Amino acid sequence: MNIVACVKQVPDTEAQIKVKPDGSGIEEGGIKWVMNPYDEFGVEEALRLKEKNGGEVTIVSVGPQRAMETIRTALAMGADRGIHICDPAFDGADAYTTASALAAAIKAIPHDIIFCGQRAIDDDSGQVGAILAELLGIPQVTVITKLEFTGAGVKVIRPIEGAQLLIECPLPCLLTAQKGLNEPRYASLPGIMKAKKKPVDVKDAAGLGVSVANKATIVKFVPPPARAAGKIICGDDVALKAAELARLLREEAKVI
Amino acid sequence: MAKGVWIVAEQRDGAFRKISFELAATARKLADQLGDEVCAVLCGAGIEGIAGQLGKYGVDRVFVADSPALEPYTTDAHALAVAKIVKENDPAILLLGASTQGKDLAGRLAGKLATGLATDCTDVKIVDGKLLALRPMYAGKCYAEVAIASFPQMASLRPNVFPATENPKAGAVVKFDPALEAGQLKTKVIEVQKDTSGKVDLTEANIIVTGGRGMKGPEGYAVLEELAAILGATVGASRAAVDAGWRPQSDQVGQTGKIVSANLYIACGVSGAIQHLAGMSSSKFIVAVNKDPEAPIFAKADYGVVEDLFKFMPEFAKECKKLLA
């Protein structure tokens with residue numbers, strides 16, 4: 001079975017995000033870069049499928065040079081090869097451009113199952129998987145928490161508001177991973193050593209035959225809306241403080 | 001030329017999801033600025049009868065595809081149906097809900113229509129005749145203003161943020177044939193396991209009571225469940241509590257859990273790690289209860305109580321019960 005896992009390098013969840021004074025982007029100094037946590041679930045699931053059913057796992061990433069570290073991390077976890085789509089033209093690429101680049105790279109290799117994270121925790125846009133599936137002309141199931149491979153296809157669990165769906169989908173297909181799908185492994189030391197020798201193809205826009213076609217543009221980055229300073233309810237009597245909070249929520253905030 | 005503000009309405013089991021009315025009212029506002037009409041697309045089986053309800057929130061026309069192939073929702077069927085009617089009518093703006101279903105559909109449609117999409121927006125407006133969307137990134141650690149160069153300009157709207165203001169219009173029903181062929185429909189829902197607890201999903205909840213590491217264990221949540229039952233709230237959990245196995249993953253609020261936007265968010269024993277704050281700070285009112293006065297959660301709180309939550313929460317529940325009696 002040929003499995004592809006798409007990964008993105010993103011700032012760690014503990015990172016403070018500061019907008020540049022001119023609003024053109026975020027300050028990248030001091031940020032610790034990691035594999036998008038949702039992509040990690042995808043990589044782990046790809047490796048488990050391979051271990052059970054045989055096959056190969058290819059990691060594909062669009063990103064600047066530093067994204068190679070994330071590809072190497074996935075290879076150290078056990079993936080077989082990588083494709084690094086690296087071109088300054090893709091800096092600030094929107095979901096459509098990113099998906100087009102991924103589609104061009106993935107079309108050229110065999111693929112039965114493609115994994116993406118359900119969203120990247122930097123831009124939170126959650127579109128790349130679906131656009132990629134559309135460009136490849138294959139079905140998608142997004143935000144899955146359980147996967148069973150049935151030979152001809154997959155059965156997956158997709159939680160929605162107030163229910164869980166059991167969905168059947170034939171191969172080839174694209175699945176996006178949600179927390180709960182698995183517990184990703186850590187790369188072992190021998191895995192890290194082996195990863196250094198695994199093949200990674202570096203491709204640029206011209207090599208893939210894709211052009212940058214951004215459809216959505218960030219006009220400007222802005223800090224989050226400021227919240228007015230809050231009130232601290234003081235006192236020694238727990239019951240009085242409880243009564244005061246209830247009163248404020250009822251009379252001032254009008255939310256209960 | 002692309003014209004009109006369109007929405008994709010969301011229904012389940014023949015009833016509209018609240019987000020549909022939020023979409024309709026928001027679309028009305030935008031359309032009034034543009035001098036355009038508001039149209040909705042509604043897909044499902046046996047749903048023609050409810051279509052007219054959208055008129056109350058400002059929809060002029062509702063395009064209805066009524067077919068057994070459209071129920072329950074699958075990406076394949078709904079994306080084909082919506083793309084067909086949208087392509088035939090060439091709207092300027094297309095809004096969806098940033099619900100689980102809406103986000104799934106929006107991404108696929110953006111691919112099919114080869115257009116730009118701003119996900120999970122908290123504000124949309126018209127500037128120089130074009131859509132300008134405001135959306136959180138990094139789970140709300142910063143925001144971005146997004147413009148879309150292609151048509152339709154797509155945006156998905158965060159549930160619970162936009163008011164469902166009434167503004168009655170015709171809501172005239174126009175049926176259309178989604179022209180689905182069996183060969184195009186690859187995925188199949190084979191089972192729907194409904195959550196019978198009656199718990200409102202965190203992303204749709206008006207009031208959320210969240211417990212963090214300070215709950216000390218799974219049994220600690222009883223005080224929060226008690227309050228939640230009184231207020232009609234949903235109980236959430238921090239990453240620390242979920243990782244400790246105290247609460248299920250579906251309860252997690254934060255950058256790697258659910259990003260919520262409640263009217264009232266009560267954080268108990270939550271220190272306020274940045275990834276948690278990111279996931280809840282678009283809530284309207286935030287209450288923090290923590291015995292550590294230095295906890296970062298207090299910086300985000302509208303009301304803070306420095307107290308042992310196991311002493312405070314039962315008293316607070318009692319007060320709420322009195323008020324709501």
# chains A, B, ... in the order shown; residues from 1 in each chain; ligands from 1

call {"tool": "select_by_dssp", "arguments": {"residues": "stretch 161-253 of chain B", "states": "strand (DSSP E)", "output": "PDB file with N, CA and C atoms, in the first residue's frame"}}
result
ATOM      1  N   ALA B 172     -38.756  32.713  -0.665  1.00  0.00           N
ATOM      2  CA  ALA B 172     -39.427  31.930  -1.707  1.00  0.00           C
ATOM      3  C   ALA B 172     -38.628  30.678  -2.047  1.00  0.00           C
ATOM      4  N   VAL B 173     -39.334  29.551  -2.147  1.00  0.00           N
ATOM      5  CA  VAL B 173     -38.654  28.274  -2.388  1.00  0.00           C
ATOM      6  C   VAL B 173     -38.511  28.018  -3.886  1.00  0.00           C
ATOM      7  N   VAL B 174     -37.290  27.741  -4.319  1.00  0.00           N
ATOM      8  CA  VAL B 174     -37.018  27.400  -5.713  1.00  0.00           C
ATOM      9  C   VAL B 174     -36.370  26.020  -5.709  1.00  0.00           C
ATOM     10  N   LYS B 175     -37.045  25.027  -6.291  1.00  0.00           N
ATOM     11  CA  LYS B 175     -36.455  23.688  -6.277  1.00  0.00           C
ATOM     12  C   LYS B 175     -35.427  23.552  -7.399  1.00  0.00           C
ATOM     13  N   LYS B 188     -19.982   6.723   2.163  1.00  0.00           N
ATOM     14  CA  LYS B 188     -21.295   6.325   2.623  1.00  0.00           C
ATOM     15  C   LYS B 188     -21.300   6.332   4.143  1.00  0.00           C
ATOM     16  N   VAL B 189     -22.307   7.001   4.713  1.00  0.00           N
ATOM     17  CA  VAL B 189     -22.457   6.958   6.168  1.00  0.00           C
ATOM     18  C   VAL B 189     -23.187   5.670   6.486  1.00  0.00           C
ATOM     19  N   ILE B 190     -22.524   4.756   7.233  1.00  0.00           N
ATOM     20  CA  ILE B 190     -23.205   3.489   7.503  1.00  0.00           C
ATOM     21  C   ILE B 190     -23.846   3.459   8.881  1.00  0.00           C
ATOM     22  N   GLU B 191     -23.466   4.376   9.738  1.00  0.00           N
ATOM     23  CA  GLU B 191     -24.092   4.400  11.048  1.00  0.00           C
ATOM     24  C   GLU B 191     -23.969   5.788  11.660  1.00  0.00           C
ATOM     25  N   VAL B 192     -25.044   6.245  12.290  1.00  0.00           N
ATOM     26  CA  VAL B 192     -25.000   7.509  13.037  1.00  0.00           C
ATOM     27  C   VAL B 192     -25.198   7.153  14.506  1.00  0.00           C
ATOM     28  N   GLN B 193     -24.157   7.352  15.308  1.00  0.00           N
ATOM     29  CA  GLN B 193     -24.278   7.067  16.742  1.00  0.00           C
ATOM     30  C   GLN B 193     -24.538   8.378  17.445  1.00  0.00           C
ATOM     31  N   LYS B 194     -25.793   8.568  17.847  1.00  0.00           N
ATOM     32  CA  LYS B 194     -26.150   9.846  18.469  1.00  0.00           C
ATOM     33  C   LYS B 194     -25.741   9.878  19.925  1.00  0.00           C
ATOM     34  N   ILE B 207     -23.207  28.572  27.390  1.00  0.00           N
ATOM     35  CA  ILE B 207     -22.452  28.654  28.643  1.00  0.00           C
ATOM     36  C   ILE B 207     -21.564  27.420  28.751  1.00  0.00           C
ATOM     37  N   ILE B 208     -20.309  27.653  29.092  1.00  0.00           N
ATOM     38  CA  ILE B 208     -19.357  26.547  29.264  1.00  0.00           C
ATOM     39  C   ILE B 208     -18.726  26.661  30.647  1.00  0.00           C
ATOM     40  N   VAL B 209     -18.655  25.536  31.349  1.00  0.00           N
ATOM     41  CA  VAL B 209     -17.950  25.472  32.628  1.00  0.00           C
ATOM     42  C   VAL B 209     -16.785  24.517  32.435  1.00  0.00           C
ATOM     43  N   THR B 210     -15.571  25.058  32.481  1.00  0.00           N
ATOM     44  CA  THR B 210     -14.395  24.240  32.198  1.00  0.00           C
ATOM     45  C   THR B 210     -13.587  23.980  33.455  1.00  0.00           C
ATOM     46  N   GLY B 211     -13.116  22.763  33.602  1.00  0.00           N
ATOM     47  CA  GLY B 211     -12.252  22.404  34.715  1.00  0.00           C
ATOM     48  C   GLY B 211     -10.863  22.057  34.220  1.00  0.00           C
ATOM     49  N   THR B 234     -22.473  23.459  29.200  1.00  0.00           N
ATOM     50  CA  THR B 234     -21.706  22.273  28.802  1.00  0.00           C
ATOM     51  C   THR B 234     -20.381  22.295  29.557  1.00  0.00           C
ATOM     52  N   VAL B 235     -19.952  21.131  30.038  1.00  0.00           N
ATOM     53  CA  VAL B 235     -18.686  21.054  30.769  1.00  0.00           C
ATOM     54  C   VAL B 235     -17.541  20.815  29.790  1.00  0.00           C
ATOM     55  N   GLY B 236     -16.485  21.600  29.939  1.00  0.00           N
ATOM     56  CA  GLY B 236     -15.283  21.431  29.126  1.00  0.00           C
ATOM     57  C   GLY B 236     -14.100  21.083  30.010  1.00  0.00           C
ATOM     58  N   ALA B 237     -12.938  20.877  29.377  1.00  0.00           N
ATOM     59  CA  ALA B 237     -11.744  20.518  30.142  1.00  0.00           C
ATOM     60  C   ALA B 237     -10.513  21.123  29.480  1.00  0.00           C
TER      61      ALA B 237
END

call {"tool": "interface_residues", "arguments": {"of": "chain A", "to": "chain B", "cutoff": "7 Å", "atoms": "only C-alpha atoms", "output": "number ranges by chain"}}
result
A: 13-14, 17, 121-125, 127, 130-131, 134-135, 139, 142, 160-170, 180, 215-224, 227, 229-233, 238-239, 242-243, 246, 255

call {"tool": "write_last_selection", "arguments": {"atoms": "C-alpha atoms", "output": "compact mmCIF listing (two decimals), in the first residue's frame"}}
result
# COMPACT_ATOMS: atom_id res chain seq x y z
CA THR A 13 1.48 25.67 20.92
CA GLU A 14 3.31 27.45 23.76
CA ILE A 17 2.56 35.17 18.63
CA ILE A 121 -2.49 25.18 14.24
CA ASP A 122 -0.87 28.25 12.68
CA ASP A 123 -3.34 29.48 10.06
CA ASP A 124 -6.21 27.32 11.39
CA SER A 125 -7.72 27.25 7.94
CA GLN A 127 -8.87 23.65 3.85
CA ALA A 130 -10.25 19.06 1.10
CA ILE A 131 -8.87 21.13 -1.79
CA GLU A 134 -10.74 17.74 -4.98
CA LEU A 135 -7.69 18.44 -7.17
CA PRO A 139 -13.10 11.28 -1.87
CA THR A 142 -12.24 14.93 7.40
CA ILE A 160 -19.74 15.79 14.61
CA GLU A 161 -21.74 18.01 16.97
CA GLY A 162 -23.75 15.61 19.13
CA ALA A 163 -23.03 12.42 17.18
CA GLN A 164 -20.39 10.14 15.74
CA LEU A 165 -20.58 8.96 12.15
CA LEU A 166 -19.26 5.65 10.90
CA ILE A 167 -18.29 6.27 7.29
CA GLU A 168 -17.14 3.89 4.58
CA CYS A 169 -14.87 5.17 1.86
CA PRO A 170 -13.13 3.38 -1.03
CA GLY A 180 -7.82 10.83 19.50
CA LYS A 215 -7.07 33.41 -4.18
CA ALA A 216 -7.25 34.57 -0.57
CA THR A 217 -4.88 37.30 0.56
CA ILE A 218 -4.10 38.42 4.08
CA VAL A 219 -4.45 42.19 3.86
CA LYS A 220 -3.03 42.62 7.31
CA PHE A 221 -2.30 40.79 10.55
CA VAL A 222 -3.75 42.37 13.67
CA PRO A 223 -3.38 41.62 17.38
CA PRO A 224 -6.40 40.03 19.08
CA ARG A 227 -10.29 42.80 26.61
CA ALA A 229 -9.58 44.86 32.58
CA GLY A 230 -11.65 42.51 34.70
CA LYS A 231 -13.02 42.77 38.22
CA ILE A 232 -11.63 40.67 41.03
CA ILE A 233 -14.30 39.78 43.55
CA VAL A 238 -17.09 32.39 50.24
CA ALA A 239 -20.90 32.62 50.26
CA ALA A 242 -20.57 33.50 45.29
CA ALA A 243 -23.63 35.73 45.65
CA ALA A 246 -24.07 35.50 40.50
CA VAL A 255 -25.66 36.17 30.77

call {"tool": "residues_around", "arguments": {"residues": "B:Gly58", "least_positions_apart": "6", "cutoff": "8 Å", "atoms": "only C-alpha atoms", "output": "list in words"}}
result
Ala24, Ala25, Ala27, Arg28, Val38, Glu166, Asn167, Pro168, Lys169, Ala170 and Gly171 of chain B

call {"tool": "write_last_selection", "arguments": {"atoms": "N, CA, C and O atoms", "output": "PDB file, in the first residue's frame"}}
result
ATOM      1  N   ALA B  24     -27.889  33.610   7.673  1.00  0.00           N
ATOM      2  CA  ALA B  24     -28.904  34.351   6.923  1.00  0.00           C
ATOM      3  C   ALA B  24     -28.891  35.828   7.332  1.00  0.00           C
ATOM      4  O   ALA B  24     -28.885  36.724   6.483  1.00  0.00           O
ATOM      5  N   ALA B  25     -28.875  36.086   8.641  1.00  0.00           N
ATOM      6  CA  ALA B  25     -28.920  37.461   9.120  1.00  0.00           C
ATOM      7  C   ALA B  25     -27.662  38.235   8.717  1.00  0.00           C
ATOM      8  O   ALA B  25     -27.726  39.420   8.366  1.00  0.00           O
ATOM      9  N   ALA B  27     -25.746  37.552   6.081  1.00  0.00           N
ATOM     10  CA  ALA B  27     -25.822  37.740   4.630  1.00  0.00           C
ATOM     11  C   ALA B  27     -26.737  38.927   4.301  1.00  0.00           C
ATOM     12  O   ALA B  27     -26.456  39.734   3.411  1.00  0.00           O
ATOM     13  N   ARG B  28     -27.843  39.043   5.063  1.00  0.00           N
ATOM     14  CA  ARG B  28     -28.793  40.154   4.831  1.00  0.00           C
ATOM     15  C   ARG B  28     -28.093  41.505   5.008  1.00  0.00           C
ATOM     16  O   ARG B  28     -28.263  42.427   4.219  1.00  0.00           O
ATOM     17  N   VAL B  38     -30.417  38.104  -1.046  1.00  0.00           N
ATOM     18  CA  VAL B  38     -29.835  36.992  -0.287  1.00  0.00           C
ATOM     19  C   VAL B  38     -30.494  35.697  -0.740  1.00  0.00           C
ATOM     20  O   VAL B  38     -31.718  35.590  -0.755  1.00  0.00           O
ATOM     21  N   GLU B 166     -33.714  39.041  13.233  1.00  0.00           N
ATOM     22  CA  GLU B 166     -34.843  38.808  12.321  1.00  0.00           C
ATOM     23  C   GLU B 166     -35.030  40.000  11.392  1.00  0.00           C
ATOM     24  O   GLU B 166     -34.814  41.141  11.785  1.00  0.00           O
ATOM     25  N   ASN B 167     -35.396  39.706  10.163  1.00  0.00           N
ATOM     26  CA  ASN B 167     -35.586  40.745   9.141  1.00  0.00           C
ATOM     27  C   ASN B 167     -36.379  40.105   8.006  1.00  0.00           C
ATOM     28  O   ASN B 167     -35.827  39.710   6.987  1.00  0.00           O
ATOM     29  N   PRO B 168     -37.704  39.945   8.205  1.00  0.00           N
ATOM     30  CA  PRO B 168     -38.483  39.086   7.307  1.00  0.00           C
ATOM     31  C   PRO B 168     -38.442  39.493   5.826  1.00  0.00           C
ATOM     32  O   PRO B 168     -38.624  40.663   5.482  1.00  0.00           O
ATOM     33  N   LYS B 169     -38.163  38.505   5.000  1.00  0.00           N
ATOM     34  CA  LYS B 169     -38.213  38.634   3.539  1.00  0.00           C
ATOM     35  C   LYS B 169     -39.000  37.431   3.014  1.00  0.00           C
ATOM     36  O   LYS B 169     -39.404  36.564   3.777  1.00  0.00           O
ATOM     37  N   ALA B 170     -39.120  37.363   1.685  1.00  0.00           N
ATOM     38  CA  ALA B 170     -40.025  36.377   1.093  1.00  0.00           C
ATOM     39  C   ALA B 170     -39.665  34.927   1.422  1.00  0.00           C
ATOM     40  O   ALA B 170     -40.540  34.099   1.676  1.00  0.00           O
ATOM     41  N   GLY B 171     -38.409  34.580   1.392  1.00  0.00           N
ATOM     42  CA  GLY B 171     -38.019  33.179   1.603  1.00  0.00           C
ATOM     43  C   GLY B 171     -38.665  32.257   0.585  1.00  0.00           C
ATOM     44  O   GLY B 171     -39.065  31.133   0.904  1.00  0.00           O
TER      45      GLY B 171
END

call {"tool": "atom_distance", "arguments": {"atom1": "atom CA of B:Ala179", "atom2": "atom CA of A:Gly137"}}
result
18.2 Å

call {"tool": "select_by_dssp", "arguments": {"residues": "stretch 110-223 of chain A", "states": "helix (DSSP H, G or I)", "output": "list of chain:residue names"}}
result
A:Val128, A:Gly129, A:Ala130, A:Ile131, A:Leu132, A:Ala133, A:Glu134, A:Leu135, A:Leu136, A:Leu189, A:Pro190, A:Gly191, A:Ile192, A:Met193, A:Lys194, A:Ala195, A:Ala205, A:Ala206, A:Gly207, A:Leu208

call {"tool": "write_last_selection", "arguments": {"atoms": "all heavy atoms", "output": "CSV table (one decimal), in the first residue's frame"}}
result
chain,number,residue,atom,x,y,z
A,128,VAL,N,-6.7,22.7,3.3
A,128,VAL,CA,-5.8,22.1,2.3
A,128,VAL,C,-6.1,20.7,2.0
A,128,VAL,O,-6.1,20.3,0.8
A,128,VAL,CB,-4.3,22.2,2.9
A,128,VAL,CG1,-3.4,21.4,2.0
A,128,VAL,CG2,-3.9,23.7,2.8
A,129,GLY,N,-6.5,19.9,3.0
A,129,GLY,CA,-6.9,18.5,2.7
A,129,GLY,C,-8.0,18.4,1.7
A,129,GLY,O,-7.9,17.6,0.8
A,130,ALA,N,-9.1,19.2,2.0
A,130,ALA,CA,-10.3,19.1,1.1
A,130,ALA,C,-9.9,19.5,-0.3
A,130,ALA,O,-10.4,18.9,-1.3
A,130,ALA,CB,-11.4,19.9,1.7
A,131,ILE,N,-9.2,20.6,-0.4
A,131,ILE,CA,-8.9,21.1,-1.8
A,131,ILE,C,-8.0,20.1,-2.5
A,131,ILE,O,-8.1,19.8,-3.7
A,131,ILE,CB,-8.2,22.5,-1.7
A,131,ILE,CG1,-9.2,23.5,-1.1
A,131,ILE,CG2,-7.9,23.0,-3.1
A,131,ILE,CD1,-8.6,24.9,-0.8
A,132,LEU,N,-7.0,19.6,-1.8
A,132,LEU,CA,-6.1,18.6,-2.3
A,132,LEU,C,-6.9,17.3,-2.8
A,132,LEU,O,-6.7,16.9,-4.0
A,132,LEU,CB,-5.1,18.1,-1.3
A,132,LEU,CG,-4.2,17.0,-1.6
A,132,LEU,CD1,-3.3,17.3,-2.8
A,132,LEU,CD2,-3.2,16.7,-0.4
A,133,ALA,N,-7.9,16.9,-2.0
A,133,ALA,CA,-8.7,15.7,-2.5
A,133,ALA,C,-9.5,16.1,-3.7
A,133,ALA,O,-9.6,15.3,-4.7
A,133,ALA,CB,-9.7,15.4,-1.3
A,134,GLU,N,-10.0,17.3,-3.8
A,134,GLU,CA,-10.7,17.7,-5.0
A,134,GLU,C,-9.8,17.8,-6.2
A,134,GLU,O,-10.2,17.3,-7.3
A,134,GLU,CB,-11.4,19.1,-4.7
A,134,GLU,CG,-12.0,19.8,-5.9
A,134,GLU,CD,-13.2,19.0,-6.4
A,134,GLU,OE1,-13.9,18.3,-5.6
A,134,GLU,OE2,-13.5,19.1,-7.7
A,135,LEU,N,-8.6,18.3,-6.0
A,135,LEU,CA,-7.7,18.4,-7.2
A,135,LEU,C,-7.2,17.1,-7.6
A,135,LEU,O,-6.9,16.9,-8.8
A,135,LEU,CB,-6.5,19.3,-6.8
A,135,LEU,CG,-6.8,20.8,-6.5
A,135,LEU,CD1,-5.5,21.5,-6.0
A,135,LEU,CD2,-7.4,21.5,-7.7
A,136,LEU,N,-7.2,16.1,-6.7
A,136,LEU,CA,-6.8,14.7,-7.1
A,136,LEU,C,-8.0,13.9,-7.6
A,136,LEU,O,-7.9,12.8,-8.1
A,136,LEU,CB,-6.1,14.0,-5.9
A,136,LEU,CG,-4.8,14.6,-5.5
A,136,LEU,CD1,-4.3,13.9,-4.2
A,136,LEU,CD2,-3.7,14.4,-6.6
A,189,LEU,N,16.4,6.9,18.8
A,189,LEU,CA,17.8,7.3,18.3
A,189,LEU,C,18.2,6.6,17.1
A,189,LEU,O,18.6,7.3,16.1
A,189,LEU,CB,18.8,7.1,19.5
A,189,LEU,CG,20.1,7.8,19.3
A,189,LEU,CD1,19.9,9.3,19.1
A,189,LEU,CD2,21.0,7.5,20.4
A,190,PRO,N,18.0,5.2,17.0
A,190,PRO,CA,18.4,4.6,15.7
A,190,PRO,C,17.5,5.2,14.5
A,190,PRO,O,18.0,5.3,13.4
A,190,PRO,CB,18.1,3.1,15.9
A,190,PRO,CG,18.0,2.9,17.4
A,190,PRO,CD,17.6,4.3,18.0
A,191,GLY,N,16.3,5.5,14.8
A,191,GLY,CA,15.4,6.1,13.8
A,191,GLY,C,15.9,7.4,13.3
A,191,GLY,O,15.9,7.7,12.1
A,192,ILE,N,16.4,8.2,14.2
A,192,ILE,CA,17.0,9.5,13.9
A,192,ILE,C,18.2,9.3,13.0
A,192,ILE,O,18.4,10.0,12.0
A,192,ILE,CB,17.3,10.3,15.1
A,192,ILE,CG1,16.0,10.7,15.9
A,192,ILE,CG2,18.1,11.6,14.8
A,192,ILE,CD1,16.2,11.2,17.3
A,193,MET,N,19.1,8.3,13.4
A,193,MET,CA,20.3,8.1,12.6
A,193,MET,C,19.9,7.6,11.1
A,193,MET,O,20.4,8.1,10.2
A,193,MET,CB,21.1,7.0,13.2
A,193,MET,CG,21.6,7.4,14.6
A,193,MET,SD,22.4,9.0,14.7
A,193,MET,CE,23.9,8.7,13.8
A,194,LYS,N,18.9,6.7,11.1
A,194,LYS,CA,18.5,6.2,9.8
A,194,LYS,C,17.9,7.3,8.9
A,194,LYS,O,18.0,7.3,7.7
A,194,LYS,CB,17.4,5.1,10.0
A,194,LYS,CG,18.0,3.7,10.1
A,194,LYS,CD,16.9,2.6,10.0
A,194,LYS,CE,17.0,1.6,11.1
A,194,LYS,NZ,15.8,0.9,11.3
A,195,ALA,N,17.2,8.2,9.6
A,195,ALA,CA,16.4,9.2,8.8
A,195,ALA,C,17.4,10.1,8.0
A,195,ALA,O,17.0,10.6,6.9
A,195,ALA,CB,15.6,10.1,9.8
A,205,ALA,N,8.6,25.3,-7.7
A,205,ALA,CA,7.4,25.5,-8.4
A,205,ALA,C,7.6,25.1,-9.9
A,205,ALA,O,6.7,24.4,-10.5
A,205,ALA,CB,6.9,27.0,-8.3
A,206,ALA,N,8.7,25.5,-10.5
A,206,ALA,CA,8.9,25.2,-11.9
A,206,ALA,C,9.0,23.6,-12.1
A,206,ALA,O,8.5,23.1,-13.0
A,206,ALA,CB,10.2,25.9,-12.4
A,207,GLY,N,9.7,23.0,-11.1
A,207,GLY,CA,9.9,21.5,-11.2
A,207,GLY,C,8.6,20.8,-11.1
A,207,GLY,O,8.4,19.7,-11.7
A,208,LEU,N,7.7,21.3,-10.4
A,208,LEU,CA,6.3,20.7,-10.3
A,208,LEU,C,5.4,21.1,-11.3
A,208,LEU,O,4.3,20.6,-11.5
A,208,LEU,CB,5.7,21.1,-8.9
A,208,LEU,CG,6.4,20.4,-7.7
A,208,LEU,CD1,5.8,21.1,-6.4
A,208,LEU,CD2,6.1,18.9,-7.6

call {"tool": "residues_around", "arguments": {"residues": "B:Glu71", "least_positions_apart": "5", "cutoff": "10 Å", "atoms": "only C-alpha atoms", "output": "MDAnalysis selection string"}}
result
chainID B and resid 12:14 43:47 66 77:78 189

call {"tool": "atom_distance", "arguments": {"atom1": "atom CA of A:Ala67", "atom2": "atom CA of A:Lys8"}}
result
7.3 Å

call {"tool": "atom_distance", "arguments": {"atom1": "atom CA of A:Pro110", "atom2": "atom CA of A:Thr73"}}
result
22.5 Å

call {"tool": "closest_residue", "arguments": {"among": "A:Ala213, A:Leu171, A:Leu47, A:Ala177", "to": "A:Ile157", "atoms": "only C-alpha atoms"}}
result
A:Ala177

call {"tool": "residues_around", "arguments": {"residues": "A:Pro184", "least_positions_apart": "5", "cutoff": "8 Å", "atoms": "only C-alpha atoms", "output": "JSON, numbers by chain"}}
result
{"A": [40, 41, 43, 44]}
